[in-house]
Every structure is written in structure tokens, then in C-alpha cells.
Amino acid sequence: MTSIATLGSHCSLQVLKGAKDEGFKTLLVCEKKREKLYKRFPFIDELIVVDNFKEVLDSKCQSILEQNNAVLIPHGTLIAQMSSDEIESIKTPIFGNKWILRWESDREMKEKLMREANLPMPKPVTHPSQIEKLSIVKRQGAAGGKGYFMAANEDDYNTKRNQLISEGIISKDETLYIQEYAAGVLAYLTFFYSPLKDELEFYGVDQRHESDIEGLGRIPADQQMKSNKVPSFNVIGNSPLVLRESLLDEVYTMGENFVEAAKRIVAPGMNGPFCIEGVYDENAKFTSFEFSARIVAGSNIYMDGSPYYSLLFNETMSMGKRIAREIKIADNEKQLDKITT
Ligand code: ATP
């Protein structure tokens, strides 16, 4: 019997509830400090308690997962806490394409895949001296926006970088990535691509609420001017959004282009959930600054089904449940190797 496992954080509740609803045994790799939290949820059958998520790489943890024929669902925590080499070395079958996660973590590879998918991107800035327009400075990997800052020119960049280094938020030898800031309405577009059906589904849109960049907008400009705090983009939560219907066609095209590009350059392609993240400007033109090649935490807002999934399914369907459904179908058809790596 196949079971479904994930790490206890990010969207694990949604994933395991969906797995249970589809009839799977559920396992959660759980840090000791969160044991009490996760014990509250009866749909979690087994907790594998660890001191640190890296223990997933240890033979003890892997053998429990193996005994349970587990499929591991990757999410942001796996990427944030493990290197690409470590993720790729995991023996447990990983849902989707574990090789594409490296393309998400590495800024240059990310840019290459986005370009291949024809996604309209903000202009990258190769050196602080090249900052001409308001730009955003990011760290490598899925840092969740912590330690990111905006810079209007090279001096501004140096002042803020030095301040963040002295506050211990970023390190001196960290390579930072700069791109032009795209202003507009934030929209994080989540899709699911099924290699079993060769079909792309659009799941929904969320917005991220980031602190304290949002907090800054709530205080008057004269107070903002007096503050010398460097605002960060640390994600606190998410809220739902629906798009003007006239934008949907382009949304599907972007998703399809992404799936096609991934098929070409990182086999077996973009299987399972993924998210294209960006902003719509005043002309409703989308600029994408980022993608996630796995389930995003923004999907948590639709645990009871998203507006767009209610058009596709006559039942409540969360992304967690959609993943479990795909595993169930593949399992029944002995095609698990088609949807895992
Ligand atoms: P995650 O992995 O959690 O998605 P990340 O560390 O990869 O985060 P990004 O998604 O690239 O970081 O950026 C974090 C936030 O910074 C975004 O949610 C958005 O609010 C803002 N942001 C990033 N790039 C841009 C941009 N070019 N223009 C405007 N805002 C941006």
C-alpha cells in the first residue's frame, strides 16, 4: 500500500488531509518542537519525530518511509532547508520532478527556465553600479523574502546591504541577486500539470502578505521618511484573489509555455503543482519575478476548494487532495514512476 509523507511545515496539513481524504496512510516528518501542534490533527497517522529536517536524509528515516511505500511531497521547507544535492539524494520517491527544484533554487538557472518559457521578466541587474531604476535585491534560494531590500542606486544598495550585514540578517559573502522592481497588483498563479492526462489545470491565485513592506504602507509618508529601517519581504500569510476573466486565457498560455519549456530542458518536466509569481501593471500586463516548481503555501487558502477548481471538479478539491488523487490514479494504473522522481 502506498502512503503519503511530507515535512511538518508550510502546507503539510493541507497535503496530508487531502491524502487521508483519498484513502492514503499519512506520515509526517515532524520536528520535536512541533510535535504538540501536529498531534492535534487526527488525519496524520504517523509522526516521524526528528530534531532537524535534514534527518530525512538518514537511513533511519528513509527506511521508515520505504517500509511504508511512501511518496514524499516536496514543499518550500524542503527547498529552504536542504541543498539541491541533498534533495536529489533522497531515496524516497518524490512527487513531481525533484530535478527541477534545483532550477527553482539557483537564480541563474531559474532565469534561464523562465526565459525558455517566454515569461515576461523584470530586467536583471548584473552589478550594483548598473542600478538605474528602483530595484529589488534578493538572496539565493527560497528565503521567503527575508533580508530582501529595495535600492534606487548603487549608494543606496551599499548603505542598505551594510546595514543588513551589521544587523546579522545577511552575511558579508552572500551573493545577492538584483532585478528591477515591478510595481502593480501581486498575483501568484498556481497550476497543476498532470502527466497522466497531459493536461494543465489552473488552480487559483493568491496574494502574499509580507512584513514589513506592507506595514510601511500603513504609516504616513513623513514617518516613513524618518525611519531608517530596511523593510523586508518576509511572508506572513496569504489571501485569495480572483482575476478578471479576460486575463484567464493568457494565464493558461503562460502555464502551458512553462510546462513545455520544462519538458524541453529538465526531464521529466513540470509535473504536479507549480506557481508563477508576479505582478499585473496598470495595463494588466503581467511581469513574473519568480516561479515555484512545487506546491506553494498560498494553496492553503483553498483547503476547501478554489474558485477555479470548483469549475473543474464537482467536489471540493484542495491542491493536497489533487496531488493525492494523481498518486491514487497512477498507483492503480501502476504508473507511479510517471509522476515521481
Ligand atoms: P519564495 O520562495 O517564498 O517564493 P523567494 O525568496 O524566492 O520567495 P521572491 O518570490 O522572488 O522570493 O520575492 C519575494 C517577494 O519580493 C515577492 O513575493 C514580492 O513581493 C517581492 N518581489 C520580488 N521580486 C520583485 C520584483 N521584481 N518586483 C516587485 N516585487 C518583487
# chains A, B, ... in the order shown; residues from 1 in each chain; ligands from 1

$ residues_around --residues "range 302-312 of chain A" --least-positions-apart "4" --cutoff "12 Å" --atoms "only C-alpha atoms" --output "ChimeraX atom specification"
/A:11-18,21,189-192,200-206,238-243,245,248,296-298,316-322

$ write_last_selection --atoms "N, CA, C and O atoms" --output "compact mmCIF listing (two decimals), in the first residue's frame"
# COMPACT_ATOMS: atom_id res chain seq x y z
N CYS A 11 2.72 23.53 4.09
CA CYS A 11 1.36 23.19 3.66
C CYS A 11 1.08 21.73 4.02
O CYS A 11 0.27 21.07 3.37
N SER A 12 1.79 21.24 5.05
CA SER A 12 1.71 19.81 5.35
C SER A 12 0.30 19.40 5.79
O SER A 12 -0.15 18.29 5.49
N LEU A 13 -0.40 20.30 6.46
CA LEU A 13 -1.76 19.93 6.91
C LEU A 13 -2.67 19.72 5.71
O LEU A 13 -3.40 18.73 5.63
N GLN A 14 -2.61 20.65 4.79
CA GLN A 14 -3.43 20.53 3.58
C GLN A 14 -3.08 19.25 2.80
O GLN A 14 -3.97 18.53 2.35
N VAL A 15 -1.79 19.00 2.67
CA VAL A 15 -1.32 17.84 1.89
C VAL A 15 -1.79 16.54 2.54
O VAL A 15 -2.34 15.65 1.86
N LEU A 16 -1.63 16.44 3.84
CA LEU A 16 -1.98 15.17 4.49
C LEU A 16 -3.49 15.00 4.67
O LEU A 16 -4.01 13.89 4.62
N LYS A 17 -4.20 16.09 4.83
CA LYS A 17 -5.67 15.99 4.88
C LYS A 17 -6.18 15.48 3.52
O LYS A 17 -7.03 14.58 3.45
N GLY A 18 -5.62 16.04 2.46
CA GLY A 18 -6.00 15.60 1.11
C GLY A 18 -5.66 14.13 0.90
O GLY A 18 -6.45 13.38 0.31
N ASP A 21 -8.15 12.02 2.80
CA ASP A 21 -9.45 12.01 2.10
C ASP A 21 -9.44 11.07 0.89
O ASP A 21 -10.47 10.53 0.51
N LEU A 189 0.12 32.73 -9.36
CA LEU A 189 -0.78 31.88 -10.15
C LEU A 189 -0.39 30.41 -9.98
O LEU A 189 0.71 30.02 -10.36
N THR A 190 -1.29 29.62 -9.42
CA THR A 190 -0.97 28.21 -9.18
C THR A 190 -1.65 27.29 -10.19
O THR A 190 -2.85 27.43 -10.47
N PHE A 191 -0.86 26.35 -10.70
CA PHE A 191 -1.33 25.39 -11.70
C PHE A 191 -1.03 23.97 -11.21
O PHE A 191 -0.23 23.76 -10.31
N PHE A 192 -1.65 23.02 -11.92
CA PHE A 192 -1.30 21.61 -11.73
C PHE A 192 -1.22 20.99 -13.11
O PHE A 192 -2.15 21.07 -13.89
N LEU A 200 -3.19 20.58 -18.35
CA LEU A 200 -2.84 21.64 -17.40
C LEU A 200 -4.11 22.17 -16.75
O LEU A 200 -5.08 22.49 -17.44
N GLU A 201 -4.11 22.24 -15.43
CA GLU A 201 -5.26 22.82 -14.71
C GLU A 201 -4.80 24.12 -14.06
O GLU A 201 -3.69 24.19 -13.52
N PHE A 202 -5.67 25.11 -14.06
CA PHE A 202 -5.38 26.34 -13.31
C PHE A 202 -6.13 26.25 -11.99
O PHE A 202 -7.34 26.09 -11.97
N TYR A 203 -5.40 26.33 -10.91
CA TYR A 203 -5.97 26.10 -9.58
C TYR A 203 -6.49 27.39 -8.93
O TYR A 203 -7.59 27.43 -8.42
N GLY A 204 -5.66 28.44 -9.01
CA GLY A 204 -6.12 29.66 -8.37
C GLY A 204 -5.01 30.67 -8.17
O GLY A 204 -3.86 30.45 -8.54
N VAL A 205 -5.41 31.77 -7.57
CA VAL A 205 -4.49 32.89 -7.37
C VAL A 205 -4.47 33.26 -5.90
O VAL A 205 -5.52 33.27 -5.24
N ASP A 206 -3.28 33.57 -5.41
CA ASP A 206 -3.23 34.12 -4.05
C ASP A 206 -2.34 35.34 -4.05
O ASP A 206 -1.65 35.63 -5.03
N ASN A 238 -1.26 34.53 3.44
CA ASN A 238 -1.75 34.65 2.06
C ASN A 238 -3.24 34.96 2.06
O ASN A 238 -3.95 34.59 2.99
N SER A 239 -3.69 35.60 1.01
CA SER A 239 -5.13 35.80 0.87
C SER A 239 -5.54 35.52 -0.58
O SER A 239 -4.72 35.57 -1.49
N PRO A 240 -6.84 35.21 -0.79
CA PRO A 240 -7.28 34.82 -2.14
C PRO A 240 -7.48 36.01 -3.07
O PRO A 240 -7.68 37.14 -2.63
N LEU A 241 -7.44 35.70 -4.33
CA LEU A 241 -7.68 36.70 -5.36
C LEU A 241 -8.33 35.99 -6.54
O LEU A 241 -7.98 34.85 -6.84
N VAL A 242 -9.29 36.64 -7.17
CA VAL A 242 -9.75 36.13 -8.47
C VAL A 242 -9.40 37.16 -9.51
O VAL A 242 -9.37 38.36 -9.23
N LEU A 243 -9.14 36.69 -10.71
CA LEU A 243 -8.71 37.60 -11.77
C LEU A 243 -9.88 38.02 -12.63
O LEU A 243 -10.89 37.30 -12.71
N GLU A 245 -11.88 37.91 -15.76
CA GLU A 245 -11.97 36.71 -16.60
C GLU A 245 -11.19 36.88 -17.91
O GLU A 245 -10.65 35.92 -18.46
N LEU A 248 -7.73 35.31 -18.06
CA LEU A 248 -7.52 33.87 -17.88
C LEU A 248 -6.83 33.18 -19.06
O LEU A 248 -6.02 32.28 -18.88
N VAL A 296 2.81 25.56 -3.46
CA VAL A 296 3.14 26.76 -2.67
C VAL A 296 2.19 26.88 -1.48
O VAL A 296 1.07 26.36 -1.52
N ALA A 297 2.65 27.59 -0.46
CA ALA A 297 1.84 27.72 0.76
C ALA A 297 0.56 28.52 0.51
O ALA A 297 -0.42 28.38 1.23
N GLY A 298 0.56 29.32 -0.56
CA GLY A 298 -0.64 30.08 -0.89
C GLY A 298 -1.82 29.16 -1.22
O GLY A 298 -2.98 29.56 -1.12
N THR A 316 -15.23 19.21 -3.52
CA THR A 316 -14.20 20.11 -3.02
C THR A 316 -12.84 19.48 -3.28
O THR A 316 -12.63 18.30 -3.04
N MET A 317 -11.96 20.27 -3.82
CA MET A 317 -10.65 19.75 -4.23
C MET A 317 -9.56 20.74 -3.85
O MET A 317 -9.45 21.82 -4.44
N SER A 318 -8.80 20.39 -2.83
CA SER A 318 -7.64 21.22 -2.49
C SER A 318 -6.47 20.77 -3.34
O SER A 318 -6.54 19.73 -4.01
N MET A 319 -5.38 21.51 -3.31
CA MET A 319 -4.20 21.06 -4.06
C MET A 319 -3.64 19.78 -3.43
O MET A 319 -3.16 18.89 -4.12
N GLY A 320 -3.73 19.71 -2.09
CA GLY A 320 -3.26 18.49 -1.42
C GLY A 320 -4.04 17.27 -1.89
O GLY A 320 -3.48 16.21 -2.16
N LYS A 321 -5.35 17.45 -2.01
CA LYS A 321 -6.19 16.34 -2.45
C LYS A 321 -5.93 16.02 -3.94
O LYS A 321 -5.92 14.86 -4.34
N ARG A 322 -5.68 17.06 -4.71
CA ARG A 322 -5.40 16.86 -6.14
C ARG A 322 -4.13 16.02 -6.33
O ARG A 322 -4.05 15.14 -7.18

$ select_by_dssp --residues "range 246-315 of chain A" --states "strand (DSSP E)" --output "number ranges by chain"
A: 272-280, 286-292

$ write_last_selection --atoms "all heavy atoms" --output "short mmCIF file (atom, residue, chain, number, x, y, z; two decimals), in the first residue's frame"
data_model
loop_
_atom_site.label_atom_id
_atom_site.label_comp_id
_atom_site.auth_asym_id
_atom_site.auth_seq_id
_atom_site.Cartn_x
_atom_site.Cartn_y
_atom_site.Cartn_z
N GLY A 272 2.94 17.97 -11.72
CA GLY A 272 2.36 18.34 -10.43
C GLY A 272 2.14 19.83 -10.31
O GLY A 272 2.06 20.55 -11.31
N PRO A 273 2.04 20.31 -9.05
CA PRO A 273 1.72 21.73 -8.86
C PRO A 273 2.93 22.65 -9.09
O PRO A 273 4.06 22.25 -8.84
CB PRO A 273 1.30 21.80 -7.38
CG PRO A 273 1.88 20.61 -6.74
CD PRO A 273 2.13 19.57 -7.80
N PHE A 274 2.65 23.85 -9.55
CA PHE A 274 3.69 24.87 -9.66
C PHE A 274 3.04 26.24 -9.64
O PHE A 274 1.81 26.35 -9.75
CB PHE A 274 4.55 24.66 -10.93
CG PHE A 274 3.83 24.86 -12.24
CD1 PHE A 274 3.93 26.05 -12.95
CD2 PHE A 274 3.06 23.84 -12.79
CE1 PHE A 274 3.28 26.22 -14.17
CE2 PHE A 274 2.40 24.00 -14.02
CZ PHE A 274 2.51 25.20 -14.71
N CYS A 275 3.85 27.25 -9.46
CA CYS A 275 3.29 28.60 -9.29
C CYS A 275 4.13 29.61 -10.06
O CYS A 275 5.36 29.58 -9.99
CB CYS A 275 3.27 28.93 -7.81
SG CYS A 275 2.50 30.50 -7.42
N ILE A 276 3.47 30.46 -10.81
CA ILE A 276 4.14 31.56 -11.49
C ILE A 276 3.78 32.83 -10.74
O ILE A 276 2.60 33.13 -10.54
CB ILE A 276 3.71 31.62 -12.98
CG1 ILE A 276 4.15 30.34 -13.70
CG2 ILE A 276 4.29 32.86 -13.66
CD1 ILE A 276 3.71 30.25 -15.15
N GLU A 277 4.80 33.55 -10.33
CA GLU A 277 4.59 34.63 -9.37
C GLU A 277 4.99 35.97 -9.97
O GLU A 277 6.07 36.09 -10.56
CB GLU A 277 5.43 34.32 -8.12
CG GLU A 277 5.07 32.95 -7.56
CD GLU A 277 6.09 32.28 -6.65
OE1 GLU A 277 7.05 32.94 -6.24
OE2 GLU A 277 5.91 31.09 -6.36
N GLY A 278 4.11 36.95 -9.84
CA GLY A 278 4.45 38.23 -10.44
C GLY A 278 3.45 39.32 -10.11
O GLY A 278 2.70 39.22 -9.12
N VAL A 279 3.45 40.34 -10.94
CA VAL A 279 2.54 41.47 -10.74
C VAL A 279 1.88 41.87 -12.05
O VAL A 279 2.47 41.73 -13.12
CB VAL A 279 3.25 42.72 -10.18
CG1 VAL A 279 3.69 42.54 -8.76
CG2 VAL A 279 4.42 43.15 -11.03
N TYR A 280 0.65 42.38 -11.93
CA TYR A 280 -0.05 42.97 -13.08
C TYR A 280 0.10 44.49 -12.98
O TYR A 280 -0.21 45.07 -11.94
CB TYR A 280 -1.54 42.62 -13.03
CG TYR A 280 -1.83 41.21 -13.52
CD1 TYR A 280 -1.97 40.16 -12.62
CD2 TYR A 280 -1.96 40.94 -14.88
CE1 TYR A 280 -2.24 38.87 -13.07
CE2 TYR A 280 -2.23 39.65 -15.34
CZ TYR A 280 -2.37 38.63 -14.43
OH TYR A 280 -2.62 37.36 -14.88
N PHE A 286 1.36 41.34 -17.30
CA PHE A 286 1.94 40.56 -16.21
C PHE A 286 3.46 40.53 -16.33
O PHE A 286 4.01 40.33 -17.42
CB PHE A 286 1.41 39.13 -16.28
CG PHE A 286 1.76 38.28 -15.08
CD1 PHE A 286 1.15 38.49 -13.85
CD2 PHE A 286 2.69 37.25 -15.20
CE1 PHE A 286 1.47 37.69 -12.75
CE2 PHE A 286 3.00 36.45 -14.10
CZ PHE A 286 2.39 36.67 -12.88
N THR A 287 4.15 40.75 -15.23
CA THR A 287 5.61 40.56 -15.18
C THR A 287 5.88 39.53 -14.10
O THR A 287 5.39 39.66 -12.97
CB THR A 287 6.33 41.88 -14.81
OG1 THR A 287 5.99 42.84 -15.80
CG2 THR A 287 7.83 41.69 -14.79
N SER A 288 6.65 38.51 -14.45
CA SER A 288 6.86 37.42 -13.50
C SER A 288 8.27 37.49 -12.91
O SER A 288 9.24 37.53 -13.65
CB SER A 288 6.67 36.10 -14.23
OG SER A 288 7.05 35.06 -13.39
N PHE A 289 8.36 37.53 -11.58
CA PHE A 289 9.68 37.62 -10.97
C PHE A 289 10.15 36.30 -10.40
O PHE A 289 11.26 36.19 -9.88
CB PHE A 289 9.73 38.71 -9.90
CG PHE A 289 8.59 38.72 -8.93
CD1 PHE A 289 8.46 37.75 -7.96
CD2 PHE A 289 7.63 39.73 -9.01
CE1 PHE A 289 7.42 37.77 -7.07
CE2 PHE A 289 6.57 39.75 -8.12
CZ PHE A 289 6.46 38.76 -7.15
N GLU A 290 9.30 35.26 -10.52
CA GLU A 290 9.65 34.07 -9.76
C GLU A 290 8.73 32.91 -10.13
O GLU A 290 7.60 33.13 -10.57
CB GLU A 290 9.47 34.46 -8.28
CG GLU A 290 9.37 33.37 -7.25
CD GLU A 290 10.69 32.80 -6.88
OE1 GLU A 290 11.49 32.56 -7.81
OE2 GLU A 290 10.92 32.55 -5.69
N PHE A 291 9.22 31.68 -10.00
CA PHE A 291 8.31 30.53 -10.05
C PHE A 291 8.67 29.59 -8.91
O PHE A 291 9.78 29.62 -8.38
CB PHE A 291 8.38 29.80 -11.40
CG PHE A 291 9.65 29.03 -11.62
CD1 PHE A 291 9.83 27.76 -11.09
CD2 PHE A 291 10.70 29.58 -12.35
CE1 PHE A 291 11.02 27.05 -11.27
CE2 PHE A 291 11.89 28.89 -12.54
CZ PHE A 291 12.05 27.62 -12.00
N SER A 292 7.72 28.77 -8.55
CA SER A 292 7.96 27.70 -7.59
C SER A 292 7.58 26.41 -8.30
O SER A 292 6.48 26.31 -8.85
CB SER A 292 7.10 27.87 -6.34
OG SER A 292 7.43 29.08 -5.70
#

$ atom_distance --atom1 "CA of Asn228 in chain A" --atom2 "CA of Thr175 in chain A"
23.4 Å

$ residues_around --residues "Pro231 in chain A" --least-positions-apart "5" --cutoff "12 Å" --atoms "only C-alpha atoms" --output "short mmCIF file (atom, residue, chain, number, x, y, z; two decimals) with N, CA and C atoms, in the first residue's frame"
data_model
loop_
_atom_site.label_atom_id
_atom_site.label_comp_id
_atom_site.auth_asym_id
_atom_site.auth_seq_id
_atom_site.Cartn_x
_atom_site.Cartn_y
_atom_site.Cartn_z
N ILE A 136 15.01 45.53 -6.75
CA ILE A 136 14.87 44.72 -5.55
C ILE A 136 16.09 43.80 -5.47
N VAL A 137 16.61 43.66 -4.26
CA VAL A 137 17.81 42.85 -4.06
C VAL A 137 17.40 41.62 -3.26
N GLY A 145 11.68 35.89 1.23
CA GLY A 145 11.65 37.35 1.23
C GLY A 145 12.38 38.01 2.39
N LYS A 146 12.92 37.22 3.29
CA LYS A 146 13.60 37.79 4.46
C LYS A 146 14.97 38.34 4.04
N GLY A 147 15.24 39.57 4.43
CA GLY A 147 16.54 40.16 4.08
C GLY A 147 16.57 40.78 2.69
N TYR A 148 15.44 40.75 1.98
CA TYR A 148 15.38 41.40 0.67
C TYR A 148 15.24 42.90 0.90
N PHE A 149 15.73 43.68 -0.04
CA PHE A 149 15.57 45.12 0.13
C PHE A 149 15.49 45.81 -1.23
N MET A 150 15.05 47.05 -1.20
CA MET A 150 14.95 47.81 -2.45
C MET A 150 16.07 48.83 -2.49
N ALA A 151 16.56 49.06 -3.68
CA ALA A 151 17.63 50.04 -3.82
C ALA A 151 17.39 50.88 -5.07
N LYS A 160 22.20 49.97 2.40
CA LYS A 160 21.24 49.01 2.95
C LYS A 160 21.90 47.64 3.16
N ARG A 161 22.74 47.26 2.21
CA ARG A 161 23.43 45.97 2.35
C ARG A 161 24.28 45.98 3.64
N GLN A 163 23.90 47.82 6.24
CA GLN A 163 23.04 47.83 7.43
C GLN A 163 22.54 46.41 7.75
N LEU A 164 22.11 45.68 6.71
CA LEU A 164 21.60 44.32 6.93
C LEU A 164 22.71 43.38 7.40
N ILE A 169 21.41 40.07 9.40
CA ILE A 169 20.31 39.49 8.60
C ILE A 169 20.84 38.83 7.34
N GLU A 210 3.39 40.46 3.12
CA GLU A 210 4.79 40.44 3.50
C GLU A 210 5.10 41.58 4.47
N SER A 211 5.85 41.19 5.49
CA SER A 211 6.17 42.18 6.52
C SER A 211 7.67 42.47 6.44
N ASP A 212 8.08 43.69 6.61
CA ASP A 212 7.22 44.78 6.99
C ASP A 212 7.00 45.76 5.84
N ILE A 213 7.18 45.26 4.61
CA ILE A 213 6.94 46.17 3.47
C ILE A 213 5.48 46.64 3.49
N GLU A 214 4.56 45.74 3.90
CA GLU A 214 3.15 46.15 3.95
C GLU A 214 2.88 47.10 5.10
N GLY A 215 3.59 46.86 6.19
CA GLY A 215 3.41 47.72 7.36
C GLY A 215 3.82 49.14 7.04
N LEU A 216 4.80 49.26 6.18
CA LEU A 216 5.32 50.57 5.82
C LEU A 216 4.24 51.42 5.15
N GLY A 217 3.41 50.74 4.33
CA GLY A 217 2.34 51.45 3.62
C GLY A 217 1.27 51.98 4.56
N GLN A 224 7.56 57.58 7.45
CA GLN A 224 8.37 56.65 6.65
C GLN A 224 9.75 57.26 6.38
#

$ closest_residue --among "A:Phe24, A:Tyr177, A:Phe233, A:Tyr157" --to "ligand 1" --atoms "only C-alpha atoms and all ligand atoms"
A:Phe233

$ closest_residue --among "A:Ala267, A:Leu336, A:Met225, A:Ile178" --to "ligand 1" --atoms "only C-alpha atoms and all ligand atoms"
A:Ile178

$ residues_around --residues "range 100-103 of chain A" --least-positions-apart "6" --cutoff "8 Å" --atoms "only C-alpha atoms" --output "count of residues only"
10

$ residues_around --residues "range 63-69 of chain A" --least-positions-apart "2" --cutoff "6 Å" --atoms "only C-alpha atoms" --output "list in words"
Thr2, Ser3, Ser59, Lys60 and Cys61 of chain A

$ atom_distance --atom1 "CA of Ala5 in chain A" --atom2 "CA of Leu72 in chain A"
4.8 Å

$ residues_around --residues "range 33-43 of chain A" --least-positions-apart "2" --cutoff "8 Å" --atoms "only C-alpha atoms" --output "list of chain:residue names"
A:Gly8, A:Leu16, A:Lys17, A:Lys20, A:Thr26, A:Cys30, A:Glu31, A:Asp45, A:Leu47, A:Val49

$ closest_residue --among "A:Glu104, A:Glu180, A:Asp156, A:Glu22" --to "Leu134 in chain A" --atoms "only C-alpha atoms"
A:Glu180

$ atom_distance --atom1 "CA of Asn257 in chain A" --atom2 "CA of Ala117 in chain A"
5.1 Å

$ closest_residue --among "A:Glu55, A:Glu260, A:Asp337, A:Glu199" --to "Met82 in chain A" --atoms "only C-alpha atoms"
A:Glu55

$ closest_residue --among "A:Lys91, A:His75, A:Lys32, A:Arg218" --to "Val56 in chain A" --atoms "only C-alpha atoms"
A:Lys91
